[in-house]
Amino acid sequence: MNNEQRLEEARCLVVTSVEAEREAVRLGIGESARFRVMVGGVGQAAVAAATAAELSKGSYELVVNMGIGGGFREAAEIGTVVVASEIVAADLGAESKDGFILIDELGFGSARMATEAAISKRIVEAVQARGITVAYAPVLTVTTVTGTAETAQLLASRIPGAAAEAMEGYGAAAAAKLMQVPVIEIRGISNAVGPRDRDAWRIKDALLALEAAAAALKEVI
Ligand SMILES: O=C(O)c1cccc(C(=O)CC[C@H]2O[C@@H](n3cnc4c(=O)[nH]cnc43)[C@H](O)[C@@H]2O)c1
């Protein structure tokens, strides 16, 4: 099978940020022509550009943004999985003396992107069936990794119920929306959202959770 045929058969575009995440997803999915798994880079701009470019080349039915992420305390522990019930650009807006104003209130579109609920919920069930704890909750997209308890608290009160933060979901969702393709986001949790302690990030545990989530994704799609 040549590259052109492979692309035509791909129906689901999975976008990760880095190669280690792509490899975890590839291990979970195994060999399947229905999935194209690509590295899109770190941050929402890189992933939006990479996702839009790929979507313009092939015929895809679903975009899946997958990677590691930070978990909010008491919502998502390290080594668990979070499937986004919605994707929220949590720092896209304006500061004011009365607090942060999301772009929705500024009148420039929405910081909230809907995810494909039926598929997301089936993935939640498939992850649970593998004995892995999974949350179905808002996932925040941030430009800066949260590094203090104060910012973690601000974000949690800005978006009640948020379970995780990462840096790409909103970018993937913006590209998918432009191309009229549904989107979902899945995160394996590597660290707690809060005071920065990079040495405490448990990347291997998060990548194992991501691998299991990718296997669940394959079962469902
Ligand atoms: O060092 C490694 O081996 C390694 C392997 C896989 C991924 C990484 C990354 O650092 C990926 C960067 C990626 O991580 C997401 N992320 C993770 N935790 C958070 C967080 O607390 N807040 C925001 N983003 C987080 C993010 O989406 C980055 O793209 C390293």
# chains A, B, ... in the order shown; residues from 1 in each chain; ligands from 1

$ residues_around --residues "A:Thr144" --least-positions-apart "6" --cutoff "10 Å" --atoms "only C-alpha atoms" --output "PyMOL selection string"
chain A and resi 43+91+166-167

$ write_last_selection --atoms "N, CA and C atoms" --output "compact mmCIF listing (two decimals), in the first residue's frame"
# COMPACT_ATOMS: atom_id res chain seq x y z
N GLY A 43 1.63 23.47 21.91
CA GLY A 43 0.90 24.74 21.90
C GLY A 43 -0.20 24.74 20.87
N ASP A 91 -7.44 30.79 29.06
CA ASP A 91 -6.75 32.08 29.25
C ASP A 91 -6.89 32.97 28.02
N ALA A 166 -4.11 21.31 29.41
CA ALA A 166 -3.04 20.99 28.47
C ALA A 166 -2.90 22.21 27.56
N MET A 167 -2.14 22.08 26.48
CA MET A 167 -1.81 23.29 25.71
C MET A 167 -2.28 23.27 24.26

$ select_by_dssp --residues "stretch 58-202 of chain A" --states "strand (DSSP E or B)" --output "ChimeraX atom specification"
/A:62-71,81-89,93-96,99-102,112-114,134-141,164-166,183-192

$ residues_around --residues "stretch 215-218 of chain A" --least-positions-apart "6" --cutoff "6 Å" --atoms "only C-alpha atoms" --output "VMD selection string"
chain A and resid 28 to 29 123 126 to 127

$ residues_near_ligand --ligand "ligand 1" --cutoff "9 Å" --atoms "only C-alpha atoms and all ligand atoms" --output "JSON, numbers by chain"
{"A": [16, 17, 18, 19, 20, 21, 22, 41, 42, 43, 44, 66, 67, 68, 69, 70, 71, 72, 140, 141, 142, 143, 144, 145, 146, 147, 164, 165, 166, 167, 168, 169, 187, 188, 189, 190, 191, 192, 193, 194, 196, 201, 203, 204, 206, 207]}

$ closest_residue --among "A:Leu102, A:Lys57, A:Ala84, A:Glu219" --to "A:Ala129" --atoms "only C-alpha atoms"
A:Glu219

$ closest_residue --among "A:Ala75, A:Ala118, A:Val88, A:Val47" --to "A:Asp104" --atoms "only C-alpha atoms"
A:Val88

$ residues_around --residues "A:Arg158" --least-positions-apart "6" --cutoff "10 Å" --atoms "only C-alpha atoms" --output "count of residues only"
7

$ closest_residue --among "A:Ile186, A:Ile159, A:Ala149, A:Ala174" --to "A:Ala213" --atoms "only C-alpha atoms"
A:Ile186

$ closest_residue --among "A:Ile221, A:Ala52, A:Leu154, A:Leu27" --to "A:Lys121" --atoms "only C-alpha atoms"
A:Ile221

$ select_by_dssp --residues "stretch 27-165 of chain A" --states "alpha helix (DSSP H)" --output "ChimeraX atom specification"
/A:27-29,44-55,103-106,117-129,149-158

$ write_last_selection --atoms "N, CA and C atoms" --output "compact mmCIF listing (two decimals), in the first residue's frame"
# COMPACT_ATOMS: atom_id res chain seq x y z
N LEU A 27 1.15 2.46 19.99
CA LEU A 27 1.16 1.17 20.69
C LEU A 27 -0.26 0.75 21.06
N GLY A 28 -1.08 1.72 21.49
CA GLY A 28 -2.45 1.40 21.89
C GLY A 28 -3.33 1.03 20.71
N ILE A 29 -3.14 1.71 19.61
CA ILE A 29 -3.99 1.47 18.43
C ILE A 29 -3.53 0.23 17.66
N GLN A 44 -1.21 25.57 21.12
CA GLN A 44 -2.41 25.50 20.26
C GLN A 44 -2.17 26.03 18.85
N ALA A 45 -1.25 26.99 18.68
CA ALA A 45 -1.01 27.51 17.32
C ALA A 45 -0.40 26.43 16.44
N ALA A 46 0.64 25.75 16.98
CA ALA A 46 1.31 24.69 16.20
C ALA A 46 0.32 23.60 15.83
N VAL A 47 -0.49 23.19 16.80
CA VAL A 47 -1.42 22.08 16.54
C VAL A 47 -2.56 22.50 15.63
N ALA A 48 -3.01 23.74 15.75
CA ALA A 48 -4.07 24.22 14.85
C ALA A 48 -3.57 24.19 13.41
N ALA A 49 -2.36 24.69 13.20
CA ALA A 49 -1.80 24.75 11.84
C ALA A 49 -1.60 23.35 11.28
N ALA A 50 -0.99 22.46 12.09
CA ALA A 50 -0.71 21.10 11.62
C ALA A 50 -2.00 20.34 11.34
N THR A 51 -2.99 20.51 12.20
CA THR A 51 -4.26 19.79 12.04
C THR A 51 -4.99 20.29 10.79
N ALA A 52 -5.04 21.59 10.61
CA ALA A 52 -5.73 22.14 9.43
C ALA A 52 -5.05 21.68 8.14
N ALA A 53 -3.72 21.69 8.15
CA ALA A 53 -2.98 21.27 6.95
C ALA A 53 -3.30 19.81 6.62
N GLU A 54 -3.32 18.95 7.64
CA GLU A 54 -3.59 17.53 7.39
C GLU A 54 -5.04 17.30 6.96
N LEU A 55 -5.96 18.01 7.61
CA LEU A 55 -7.37 17.84 7.25
C LEU A 55 -7.64 18.25 5.81
N ILE A 103 -13.33 35.39 26.13
CA ILE A 103 -13.70 36.05 24.86
C ILE A 103 -15.20 36.00 24.57
N ASP A 104 -15.90 35.03 25.13
CA ASP A 104 -17.36 34.97 24.94
C ASP A 104 -18.00 36.30 25.35
N GLU A 105 -17.56 36.76 26.53
CA GLU A 105 -18.13 37.99 27.08
C GLU A 105 -17.63 39.22 26.33
N LEU A 106 -16.45 39.09 25.74
CA LEU A 106 -15.90 40.22 24.97
C LEU A 106 -16.59 40.34 23.60
N ALA A 117 -19.91 14.14 21.74
CA ALA A 117 -20.27 13.55 23.04
C ALA A 117 -20.46 12.04 22.98
N ALA A 118 -21.13 11.54 21.94
CA ALA A 118 -21.45 10.10 21.92
C ALA A 118 -20.16 9.27 21.88
N ILE A 119 -19.24 9.66 21.02
CA ILE A 119 -17.97 8.91 20.91
C ILE A 119 -17.18 9.07 22.22
N SER A 120 -17.13 10.29 22.75
CA SER A 120 -16.38 10.53 23.99
C SER A 120 -16.88 9.63 25.11
N LYS A 121 -18.21 9.54 25.23
CA LYS A 121 -18.77 8.73 26.33
C LYS A 121 -18.50 7.24 26.13
N ARG A 122 -18.50 6.80 24.87
CA ARG A 122 -18.17 5.39 24.62
C ARG A 122 -16.71 5.11 24.96
N ILE A 123 -15.86 6.08 24.72
CA ILE A 123 -14.44 5.89 25.08
C ILE A 123 -14.30 5.84 26.61
N VAL A 124 -15.04 6.70 27.30
CA VAL A 124 -15.01 6.66 28.77
C VAL A 124 -15.35 5.26 29.26
N GLU A 125 -16.41 4.68 28.71
CA GLU A 125 -16.82 3.33 29.14
C GLU A 125 -15.74 2.29 28.81
N ALA A 126 -15.13 2.43 27.62
CA ALA A 126 -14.11 1.46 27.21
C ALA A 126 -12.85 1.59 28.06
N VAL A 127 -12.53 2.81 28.49
CA VAL A 127 -11.35 2.99 29.38
C VAL A 127 -11.66 2.39 30.75
N GLN A 128 -12.88 2.67 31.23
CA GLN A 128 -13.29 2.12 32.54
C GLN A 128 -13.24 0.60 32.51
N ALA A 129 -13.66 0.02 31.41
CA ALA A 129 -13.68 -1.45 31.29
C ALA A 129 -12.27 -2.03 31.39
N ALA A 149 -0.31 27.59 43.02
CA ALA A 149 -1.61 27.18 43.56
C ALA A 149 -2.65 28.26 43.28
N GLU A 150 -2.22 29.52 43.24
CA GLU A 150 -3.17 30.63 43.01
C GLU A 150 -3.79 30.51 41.60
N THR A 151 -2.92 30.29 40.60
CA THR A 151 -3.45 30.18 39.23
C THR A 151 -4.34 28.95 39.10
N ALA A 152 -3.94 27.86 39.74
CA ALA A 152 -4.77 26.64 39.69
C ALA A 152 -6.16 26.94 40.25
N GLN A 153 -6.20 27.67 41.35
CA GLN A 153 -7.48 28.02 41.98
C GLN A 153 -8.30 28.94 41.08
N LEU A 154 -7.61 29.93 40.47
CA LEU A 154 -8.31 30.86 39.57
C LEU A 154 -8.95 30.11 38.41
N LEU A 155 -8.18 29.20 37.81
CA LEU A 155 -8.71 28.45 36.65
C LEU A 155 -9.88 27.56 37.08
N ALA A 156 -9.72 26.92 38.24
CA ALA A 156 -10.79 26.02 38.71
C ALA A 156 -12.07 26.80 38.98
N SER A 157 -11.94 28.03 39.45
CA SER A 157 -13.18 28.79 39.70
C SER A 157 -13.70 29.44 38.41
N ARG A 158 -12.79 29.71 37.46
CA ARG A 158 -13.23 30.28 36.17
C ARG A 158 -14.03 29.24 35.38

$ closest_residue --among "A:Met179, A:Ala214, A:Ala114, A:Val83" --to "A:Ala162" --atoms "only C-alpha atoms"
A:Val83

$ closest_residue --among "A:Glu116, A:Arg36, A:Gly161, A:Thr148" --to "A:Pro195" --atoms "only C-alpha atoms"
A:Thr148
